[in-house]
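Comments concern the structure below.
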Amino acid sequence: MALDRPEFRPDPALSRDAMETLQRDIADAATFADDLPFDPDTVAVDGPVEADASGTERLGASSDAPVIVGVDQAFLDDRAVSAIVAIQDGAVIERAHAVTPLEIPYIPGLLAFREGGPILAAFETLSVEPDLAVFDGSGRIHFRQAGIATHVGVALDLPSIGVAKKLLCGEPAEPVDDRPAGWSTPIEADGTVEAPDSTVIGYAYQSRQWDRDQSINPLYVSPGHRVSAATTRDLVDALCAGYKLPEPTRLADRNADDTKAALG
DNA sequence: GCGACAG
DNA sequence: ATCTTGTCGC
């Protein structure tokens, strides 16, 4: 897949100031409103997309339904294993991965400079054209409104959303503990975010919950590029098939783990 | 100075 | 993210 805007590539050699400046440029170039090539209301994943269940996997896009890709990574020593899994109509249509040397350590707020390059390398090996990418991490929920989902989404001019398991910054409008499945509340910009206070930068979304006793933490979802916060939440809701994480993410997660295991 | 901090 | 056994519950 083509890299449409190389000037936005997350170069790990940049100084910290240059990284932060680039993130502000990325946020300016990002669209936090719906501009999708498909109707989000038609997206639905009935049940878990099986690994390699006979008959469910076919190669290549074969309908007008949106192609949605999940992106995730695993790590092995100083190498990143970036994995992408594409689904369409509830079936896997392509898997891709790239093994790349890691240049810099993880720094909160600068994740895209560690993992963005490896992810772009994996995208370059993908033959199908995605309509939406689901990232493991934040999008607009970020100090400079340019989390990894936004950064890669803008660099590829691809609609994207971020799904994080922990909140990086911002403030939930209501307490998030012990909420029922389907519940959500806005994540608003606070003093740690470069946006007007109370700007809705994402949602805490309870994708799954136990009936009693133990409790599951919500997901923190946010727009990456070309999608609004509310639609991001609705898309994640539609993509979760009975598990805490959306199906594209679970598939990419397994692809990354399998690839890592095969490397030894 | 102190605390907080995606993967 | 990663290192890892047992264990609780449907």
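In the structure tokens, the first chain shown is A, the next is B, and so on; residue numbers restart at 1 for each chain, and ligands run from 1 in the order shown.
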
Exercise: DA6 in chain B partners within 10 Å, only C-alpha atoms (C1' of nucleotides), chain neighbours under 3 positions left out, as a ChimeraX atom specification: /A:106-112,136-139,141-142,147-148,162-169,220

For the selection just defined, write its residues with N, CA, C and O atoms to a file, as an mmCIF file, in the first residue's frame.
```
data_model
loop_
_atom_site.group_PDB
_atom_site.id
_atom_site.type_symbol
_atom_site.label_atom_id
_atom_site.label_comp_id
_atom_site.auth_asym_id
_atom_site.auth_seq_id
_atom_site.Cartn_x
_atom_site.Cartn_y
_atom_site.Cartn_z
ATOM 1 N N TYR A 106 10.438 2.875 24.529
ATOM 2 C CA TYR A 106 9.068 3.370 24.685
ATOM 3 C C TYR A 106 9.087 4.605 25.581
ATOM 4 O O TYR A 106 9.622 4.583 26.686
ATOM 5 N N ILE A 107 8.490 5.676 25.098
ATOM 6 C CA ILE A 107 8.357 6.902 25.882
ATOM 7 C C ILE A 107 6.898 7.330 25.761
ATOM 8 O O ILE A 107 6.394 7.499 24.645
ATOM 9 N N PRO A 108 6.196 7.457 26.899
ATOM 10 C CA PRO A 108 4.784 7.852 26.845
ATOM 11 C C PRO A 108 4.620 9.144 26.042
ATOM 12 O O PRO A 108 5.301 10.134 26.302
ATOM 13 N N GLY A 109 3.760 9.100 25.050
ATOM 14 C CA GLY A 109 3.537 10.276 24.223
ATOM 15 C C GLY A 109 4.297 10.211 22.910
ATOM 16 O O GLY A 109 3.984 10.928 21.964
ATOM 17 N N LEU A 110 5.313 9.334 22.851
ATOM 18 C CA LEU A 110 6.120 9.223 21.632
ATOM 19 C C LEU A 110 6.104 7.802 21.069
ATOM 20 O O LEU A 110 7.001 7.407 20.321
ATOM 21 N N LEU A 111 5.083 7.055 21.425
ATOM 22 C CA LEU A 111 4.974 5.655 20.983
ATOM 23 C C LEU A 111 5.084 5.490 19.470
ATOM 24 O O LEU A 111 5.703 4.548 18.983
ATOM 25 N N ALA A 112 4.501 6.419 18.719
ATOM 26 C CA ALA A 112 4.504 6.289 17.258
ATOM 27 C C ALA A 112 5.916 6.308 16.674
ATOM 28 O O ALA A 112 6.159 5.727 15.610
ATOM 29 N N ASP A 136 -3.757 -0.589 18.159
ATOM 30 C CA ASP A 136 -3.626 -0.937 19.563
ATOM 31 C C ASP A 136 -2.917 0.255 20.217
ATOM 32 O O ASP A 136 -1.695 0.361 20.170
ATOM 33 N N GLY A 137 -3.681 1.164 20.803
ATOM 34 C CA GLY A 137 -3.098 2.374 21.361
ATOM 35 C C GLY A 137 -4.049 3.534 21.110
ATOM 36 O O GLY A 137 -5.151 3.336 20.599
ATOM 37 N N SER A 138 -3.636 4.726 21.480
ATOM 38 C CA SER A 138 -4.518 5.880 21.341
ATOM 39 C C SER A 138 -4.415 6.607 20.004
ATOM 40 O O SER A 138 -3.452 6.440 19.262
ATOM 41 N N GLY A 139 -5.435 7.382 19.736
ATOM 42 C CA GLY A 139 -5.447 8.242 18.556
ATOM 43 C C GLY A 139 -5.429 9.674 19.071
ATOM 44 O O GLY A 139 -4.402 10.199 19.484
ATOM 45 N N ILE A 141 -6.701 10.703 21.806
ATOM 46 C CA ILE A 141 -6.428 10.740 23.256
ATOM 47 C C ILE A 141 -4.912 10.743 23.398
ATOM 48 O O ILE A 141 -4.256 9.699 23.532
ATOM 49 N N HIS A 142 -4.340 11.932 23.347
ATOM 50 C CA HIS A 142 -2.887 12.081 23.340
ATOM 51 C C HIS A 142 -2.571 13.529 23.698
ATOM 52 O O HIS A 142 -3.349 14.437 23.387
ATOM 53 N N GLY A 147 -1.769 10.497 18.712
ATOM 54 C CA GLY A 147 -1.343 9.163 19.139
ATOM 55 C C GLY A 147 -1.024 8.332 17.900
ATOM 56 O O GLY A 147 -1.198 8.798 16.767
ATOM 57 N N ILE A 148 -0.588 7.110 18.111
ATOM 58 C CA ILE A 148 -0.137 6.275 16.996
ATOM 59 C C ILE A 148 -1.214 6.040 15.939
ATOM 60 O O ILE A 148 -0.914 5.963 14.748
ATOM 61 N N GLY A 162 -8.161 4.377 17.345
ATOM 62 C CA GLY A 162 -7.257 3.855 18.361
ATOM 63 C C GLY A 162 -8.050 3.174 19.461
ATOM 64 O O GLY A 162 -9.071 3.695 19.901
ATOM 65 N N VAL A 163 -7.590 2.011 19.872
ATOM 66 C CA VAL A 163 -8.240 1.265 20.955
ATOM 67 C C VAL A 163 -7.166 0.960 22.003
ATOM 68 O O VAL A 163 -6.272 0.151 21.773
ATOM 69 N N ALA A 164 -7.244 1.651 23.147
ATOM 70 C CA ALA A 164 -6.243 1.473 24.196
ATOM 71 C C ALA A 164 -6.854 0.804 25.425
ATOM 72 O O ALA A 164 -8.036 0.960 25.708
ATOM 73 N N LYS A 165 -6.016 0.072 26.146
ATOM 74 C CA LYS A 165 -6.480 -0.610 27.359
ATOM 75 C C LYS A 165 -6.279 0.267 28.588
ATOM 76 O O LYS A 165 -6.815 -0.010 29.650
ATOM 77 N N LYS A 166 -5.478 1.312 28.428
ATOM 78 C CA LYS A 166 -5.260 2.247 29.543
ATOM 79 C C LYS A 166 -5.417 3.671 29.022
ATOM 80 O O LYS A 166 -5.144 3.947 27.851
ATOM 81 N N LEU A 167 -5.820 4.569 29.925
ATOM 82 C CA LEU A 167 -6.001 5.968 29.539
ATOM 83 C C LEU A 167 -4.670 6.724 29.637
ATOM 84 O O LEU A 167 -4.022 6.718 30.684
ATOM 85 N N LEU A 168 -4.272 7.342 28.543
ATOM 86 C CA LEU A 168 -3.000 8.096 28.511
ATOM 87 C C LEU A 168 -3.160 9.468 29.144
ATOM 88 O O LEU A 168 -2.316 9.905 29.928
ATOM 89 N N CYS A 169 -4.223 10.152 28.783
ATOM 90 C CA CYS A 169 -4.453 11.506 29.302
ATOM 91 C C CYS A 169 -5.919 11.866 29.092
ATOM 92 O O CYS A 169 -6.666 11.101 28.492
ATOM 93 N N TYR A 220 -10.395 2.443 26.052
ATOM 94 C CA TYR A 220 -10.337 3.891 25.821
ATOM 95 C C TYR A 220 -10.148 4.078 24.323
ATOM 96 O O TYR A 220 -9.058 3.838 23.793
#
```

Could you list, with a cut-off of 12 Å and counting only C-alpha atoms (C1' of nucleotides), the residues of chain C near chain A, each shown with its nearest atom pair and the distance in Å rounded to one decimal, rows sorted by chain and ascending number, as a tab-separated table?
```
residue	atom	partner	partner_atom	distance
C:DA1	C1'	A:Phe75	CA	6.9
C:DT2	C1'	A:Phe75	CA	7.9
C:DC8	C1'	A:Gln214	CA	10.2
C:DG9	C1'	A:Asp213	CA	10.1
C:DC10	C1'	A:Trp210	CA	10.8
```

Got time to write the residues from that selection, N, CA and C atoms (P, O5', C5', C4', C3', O3' and C1' of nucleotides), as an mmCIF file, in the first residue's frame?
```cif
data_model
loop_
_atom_site.group_PDB
_atom_site.id
_atom_site.type_symbol
_atom_site.label_atom_id
_atom_site.label_comp_id
_atom_site.auth_asym_id
_atom_site.auth_seq_id
_atom_site.Cartn_x
_atom_site.Cartn_y
_atom_site.Cartn_z
ATOM 1 P P DA C 1 0.107 -5.644 25.845
ATOM 2 O "O5'" DA C 1 1.587 -5.113 25.628
ATOM 3 C "C5'" DA C 1 1.972 -4.780 24.329
ATOM 4 C "C4'" DA C 1 3.428 -5.087 24.115
ATOM 5 C "C3'" DA C 1 3.820 -6.436 24.721
ATOM 6 O "O3'" DA C 1 4.570 -7.258 23.833
ATOM 7 C "C1'" DA C 1 5.060 -4.659 25.755
ATOM 8 P P DT C 2 4.497 -8.834 24.045
ATOM 9 O "O5'" DT C 2 5.603 -9.042 25.176
ATOM 10 C "C5'" DT C 2 6.925 -8.577 24.959
ATOM 11 C "C4'" DT C 2 7.806 -9.083 26.074
ATOM 12 C "C3'" DT C 2 7.352 -10.445 26.631
ATOM 13 O "O3'" DT C 2 8.468 -11.308 26.797
ATOM 14 C "C1'" DT C 2 7.440 -8.844 28.376
ATOM 15 P P DC C 8 -9.191 -21.399 43.485
ATOM 16 O "O5'" DC C 8 -10.444 -20.460 43.213
ATOM 17 C "C5'" DC C 8 -10.265 -19.037 43.118
ATOM 18 C "C4'" DC C 8 -11.219 -18.476 42.081
ATOM 19 C "C3'" DC C 8 -12.589 -19.171 42.081
ATOM 20 O "O3'" DC C 8 -13.622 -18.191 42.055
ATOM 21 C "C1'" DC C 8 -11.686 -19.162 39.898
ATOM 22 P P DG C 9 -15.109 -18.727 42.295
ATOM 23 O "O5'" DG C 9 -15.665 -18.733 40.807
ATOM 24 C "C5'" DG C 9 -15.771 -17.496 40.087
ATOM 25 C "C4'" DG C 9 -16.375 -17.764 38.727
ATOM 26 C "C3'" DG C 9 -17.613 -18.666 38.751
ATOM 27 O "O3'" DG C 9 -18.568 -18.198 37.793
ATOM 28 C "C1'" DG C 9 -15.995 -19.608 37.338
ATOM 29 P P DC C 10 -20.062 -18.760 37.927
ATOM 30 O "O5'" DC C 10 -20.433 -19.081 36.422
ATOM 31 C "C5'" DC C 10 -20.379 -18.049 35.429
ATOM 32 C "C4'" DC C 10 -20.368 -18.679 34.045
ATOM 33 C "C3'" DC C 10 -21.499 -19.683 33.790
ATOM 34 O "O3'" DC C 10 -21.902 -19.619 32.428
ATOM 35 C "C1'" DC C 10 -19.431 -20.774 33.566
#
```

Strand (DSSP E or B) call set, DSSP backbone run, range 63-210 of chain A, as JSON, numbers by chain: {"A": [68, 69, 70, 71, 72, 73, 74, 75, 76, 79, 80, 81, 82, 83, 84, 85, 86, 87, 88, 91, 92, 93, 94, 95, 96, 97, 98, 99, 100, 101, 132, 133, 134, 135, 136, 160, 161, 162, 163, 164, 171, 172, 184, 185, 186, 187, 188, 200, 201, 202, 203, 204, 205]}

Could you give me the residues within range 146-240 of chain A that DSSP places in alpha helix (DSSP H), as a JSON list (two decimals) with all heavy atoms, in the first residue's frame?
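In the end it all went to selection-v6.json:
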```json
[["chain", "number", "residue", "atom", "x", "y", "z"],
["A", 148, "ILE", "N", -0.59, 7.11, 18.11],
["A", 148, "ILE", "CA", -0.14, 6.28, 17.00],
["A", 148, "ILE", "C", -1.21, 6.04, 15.94],
["A", 148, "ILE", "O", -0.91, 5.96, 14.75],
["A", 148, "ILE", "CB", 0.44, 4.94, 17.53],
["A", 148, "ILE", "CG1", 1.18, 4.22, 16.40],
["A", 148, "ILE", "CG2", -0.65, 4.07, 18.16],
["A", 148, "ILE", "CD1", 2.15, 3.17, 16.89],
["A", 149, "ALA", "N", -2.47, 5.94, 16.35],
["A", 149, "ALA", "CA", -3.54, 5.72, 15.37],
["A", 149, "ALA", "C", -3.69, 6.93, 14.46],
["A", 149, "ALA", "O", -3.94, 6.81, 13.26],
["A", 149, "ALA", "CB", -4.86, 5.43, 16.08],
["A", 150, "THR", "N", -3.54, 8.11, 15.04],
["A", 150, "THR", "CA", -3.63, 9.34, 14.26],
["A", 150, "THR", "C", -2.40, 9.48, 13.37],
["A", 150, "THR", "O", -2.51, 9.80, 12.18],
["A", 150, "THR", "CB", -3.74, 10.56, 15.19],
["A", 150, "THR", "OG1", -4.90, 10.41, 16.00],
["A", 150, "THR", "CG2", -3.82, 11.85, 14.40],
["A", 151, "HIS", "N", -1.25, 9.23, 13.94],
["A", 151, "HIS", "CA", 0.00, 9.40, 13.20],
["A", 151, "HIS", "C", 0.06, 8.52, 11.95],
["A", 151, "HIS", "O", 0.27, 9.00, 10.82],
["A", 151, "HIS", "CB", 1.20, 9.10, 14.10],
["A", 151, "HIS", "CG", 2.47, 9.72, 13.62],
["A", 151, "HIS", "ND1", 3.34, 10.38, 14.45],
["A", 151, "HIS", "CD2", 3.01, 9.79, 12.37],
["A", 151, "HIS", "CE1", 4.37, 10.84, 13.74],
["A", 151, "HIS", "NE2", 4.19, 10.48, 12.48],
["A", 152, "VAL", "N", -0.18, 7.23, 12.14],
["A", 152, "VAL", "CA", -0.13, 6.31, 10.99],
["A", 152, "VAL", "C", -1.30, 6.56, 10.04],
["A", 152, "VAL", "O", -1.15, 6.48, 8.82],
["A", 152, "VAL", "CB", -0.11, 4.85, 11.47],
["A", 152, "VAL", "CG1", -0.12, 3.89, 10.28],
["A", 152, "VAL", "CG2", 1.13, 4.59, 12.33],
["A", 153, "GLY", "N", -2.47, 6.89, 10.61],
["A", 153, "GLY", "CA", -3.63, 7.16, 9.77],
["A", 153, "GLY", "C", -3.37, 8.33, 8.84],
["A", 153, "GLY", "O", -3.68, 8.28, 7.64],
["A", 154, "VAL", "N", -2.78, 9.40, 9.37],
["A", 154, "VAL", "CA", -2.48, 10.57, 8.56],
["A", 154, "VAL", "C", -1.37, 10.27, 7.55],
["A", 154, "VAL", "O", -1.44, 10.67, 6.38],
["A", 154, "VAL", "CB", -2.07, 11.78, 9.45],
["A", 154, "VAL", "CG1", -1.46, 12.90, 8.63],
["A", 154, "VAL", "CG2", -3.30, 12.29, 10.21],
["A", 155, "ALA", "N", -0.33, 9.55, 8.00],
["A", 155, "ALA", "CA", 0.78, 9.23, 7.10],
["A", 155, "ALA", "C", 0.32, 8.42, 5.89],
["A", 155, "ALA", "O", 0.89, 8.53, 4.81],
["A", 155, "ALA", "CB", 1.87, 8.47, 7.86],
["A", 229, "ALA", "N", -15.35, 10.95, 17.19],
["A", 229, "ALA", "CA", -15.26, 10.19, 18.44],
["A", 229, "ALA", "C", -16.47, 9.27, 18.61],
["A", 229, "ALA", "O", -16.33, 8.10, 18.98],
["A", 229, "ALA", "CB", -15.15, 11.15, 19.62],
["A", 230, "ALA", "N", -17.65, 9.78, 18.34],
["A", 230, "ALA", "CA", -18.87, 8.96, 18.52],
["A", 230, "ALA", "C", -18.88, 7.77, 17.56],
["A", 230, "ALA", "O", -19.24, 6.65, 17.94],
["A", 230, "ALA", "CB", -20.11, 9.82, 18.30],
["A", 231, "THR", "N", -18.47, 8.01, 16.32],
["A", 231, "THR", "CA", -18.44, 6.91, 15.35],
["A", 231, "THR", "C", -17.36, 5.90, 15.72],
["A", 231, "THR", "O", -17.53, 4.69, 15.51],
["A", 231, "THR", "CB", -18.22, 7.44, 13.92],
["A", 231, "THR", "OG1", -19.31, 8.30, 13.58],
["A", 231, "THR", "CG2", -18.14, 6.31, 12.91],
["A", 232, "THR", "N", -16.28, 6.39, 16.28],
["A", 232, "THR", "CA", -15.21, 5.48, 16.72],
["A", 232, "THR", "C", -15.77, 4.51, 17.75],
["A", 232, "THR", "O", -15.57, 3.30, 17.67],
["A", 232, "THR", "CB", -14.05, 6.28, 17.36],
["A", 232, "THR", "OG1", -13.43, 7.10, 16.37],
["A", 232, "THR", "CG2", -13.01, 5.34, 17.97],
["A", 233, "ARG", "N", -16.51, 5.06, 18.70],
["A", 233, "ARG", "CA", -17.12, 4.21, 19.73],
["A", 233, "ARG", "C", -18.08, 3.21, 19.10],
["A", 233, "ARG", "O", -18.08, 2.03, 19.44],
["A", 233, "ARG", "CB", -17.86, 5.08, 20.74],
["A", 233, "ARG", "CG", -18.54, 4.28, 21.86],
["A", 233, "ARG", "CD", -19.65, 5.10, 22.48],
["A", 233, "ARG", "NE", -20.54, 5.59, 21.45],
["A", 233, "ARG", "CZ", -21.34, 6.63, 21.57],
["A", 233, "ARG", "NH1", -21.34, 7.31, 22.69],
["A", 233, "ARG", "NH2", -22.13, 7.01, 20.59],
["A", 234, "ASP", "N", -18.90, 3.68, 18.17],
["A", 234, "ASP", "CA", -19.86, 2.78, 17.52],
["A", 234, "ASP", "C", -19.17, 1.68, 16.71],
["A", 234, "ASP", "O", -19.64, 0.54, 16.67],
["A", 234, "ASP", "CB", -20.79, 3.58, 16.61],
["A", 234, "ASP", "CG", -21.67, 4.55, 17.41],
["A", 234, "ASP", "OD1", -21.76, 4.41, 18.64],
["A", 234, "ASP", "OD2", -22.25, 5.46, 16.79],
["A", 235, "LEU", "N", -18.08, 2.04, 16.07],
["A", 235, "LEU", "CA", -17.34, 1.05, 15.27],
["A", 235, "LEU", "C", -16.73, -0.02, 16.18],
["A", 235, "LEU", "O", -16.80, -1.22, 15.89],
["A", 235, "LEU", "CB", -16.23, 1.73, 14.46],
["A", 235, "LEU", "CG", -16.70, 2.47, 13.20],
["A", 235, "LEU", "CD1", -15.57, 3.34, 12.64],
["A", 235, "LEU", "CD2", -17.17, 1.47, 12.14],
["A", 236, "VAL", "N", -16.17, 0.42, 17.30],
["A", 236, "VAL", "CA", -15.58, -0.54, 18.23],
["A", 236, "VAL", "C", -16.67, -1.46, 18.77],
["A", 236, "VAL", "O", -16.50, -2.67, 18.88],
["A", 236, "VAL", "CB", -14.86, 0.17, 19.40],
["A", 236, "VAL", "CG1", -14.41, -0.83, 20.46],
["A", 236, "VAL", "CG2", -13.64, 0.94, 18.86],
["A", 237, "ASP", "N", -17.81, -0.87, 19.07],
["A", 237, "ASP", "CA", -18.95, -1.66, 19.55],
["A", 237, "ASP", "C", -19.31, -2.74, 18.52],
["A", 237, "ASP", "O", -19.51, -3.90, 18.86],
["A", 237, "ASP", "CB", -20.14, -0.72, 19.79],
["A", 237, "ASP", "CG", -21.41, -1.47, 20.10],
["A", 237, "ASP", "OD1", -21.36, -2.37, 20.96],
["A", 237, "ASP", "OD2", -22.45, -1.17, 19.49],
["A", 238, "ALA", "N", -19.35, -2.33, 17.25],
["A", 238, "ALA", "CA", -19.72, -3.27, 16.18],
["A", 238, "ALA", "C", -18.65, -4.32, 15.91],
["A", 238, "ALA", "O", -18.95, -5.41, 15.44],
["A", 238, "ALA", "CB", -20.02, -2.49, 14.90],
["A", 239, "LEU", "N", -17.41, -3.99, 16.24],
["A", 239, "LEU", "CA", -16.31, -4.92, 15.94],
["A", 239, "LEU", "C", -15.96, -5.87, 17.08],
["A", 239, "LEU", "O", -15.17, -6.79, 16.91],
["A", 239, "LEU", "CB", -15.06, -4.11, 15.55],
["A", 239, "LEU", "CG", -15.16, -3.35, 14.21],
["A", 239, "LEU", "CD1", -13.97, -2.42, 14.04],
["A", 239, "LEU", "CD2", -15.25, -4.35, 13.06]]
```

Contacts of range 113-115 of chain A within 12 Å, only C-alpha atoms (C1' of nucleotides), excl. fewer than 6 positions in-chain, as a PyMOL selection string: (chain A and resi 8-16+18-20+22-23+71-75+78-83+98-107+121-122+135-137+146-149+151-152) or (chain B and resi 6-7) or (chain C and resi 1)

Might you pull out every residue within 8 Å of Glu171 in chain A, with only C-alpha atoms (C1' of nucleotides) counted and same-chain residues fewer than 3 positions away left off, and present them as a ChimeraX atom specification? /A:187-190

With N, CA, C and O atoms retained, export the selected residues as a PDB file, in the first residue's frame.
```
ATOM      1  N   ILE A 187     -14.338  11.115  26.975  1.00  0.00           N
ATOM      2  CA  ILE A 187     -13.046  11.469  27.572  1.00  0.00           C
ATOM      3  C   ILE A 187     -12.824  12.899  27.109  1.00  0.00           C
ATOM      4  O   ILE A 187     -12.834  13.186  25.910  1.00  0.00           O
ATOM      5  N   GLU A 188     -12.687  13.796  28.082  1.00  0.00           N
ATOM      6  CA  GLU A 188     -12.542  15.205  27.759  1.00  0.00           C
ATOM      7  C   GLU A 188     -11.113  15.704  27.954  1.00  0.00           C
ATOM      8  O   GLU A 188     -10.409  15.249  28.856  1.00  0.00           O
ATOM      9  N   ALA A 189     -10.741  16.669  27.124  1.00  0.00           N
ATOM     10  CA  ALA A 189      -9.419  17.264  27.242  1.00  0.00           C
ATOM     11  C   ALA A 189      -9.336  17.995  28.579  1.00  0.00           C
ATOM     12  O   ALA A 189     -10.303  18.623  29.016  1.00  0.00           O
ATOM     13  N   ASP A 190      -8.177  17.874  29.229  1.00  0.00           N
ATOM     14  CA  ASP A 190      -7.943  18.609  30.471  1.00  0.00           C
ATOM     15  C   ASP A 190      -6.620  19.360  30.278  1.00  0.00           C
ATOM     16  O   ASP A 190      -6.159  19.531  29.153  1.00  0.00           O
TER      17      ASP A 190
END
```

Which of these residues is nearest to chain B, using only C-alpha atoms (C1' of nucleotides): A:Ser222, A:Asp17, A:Leu36, A:Ala2?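 Ranking A:Ser222, A:Asp17, A:Leu36, A:Ala2 by distance to chain B, first place goes to A:Ser222.
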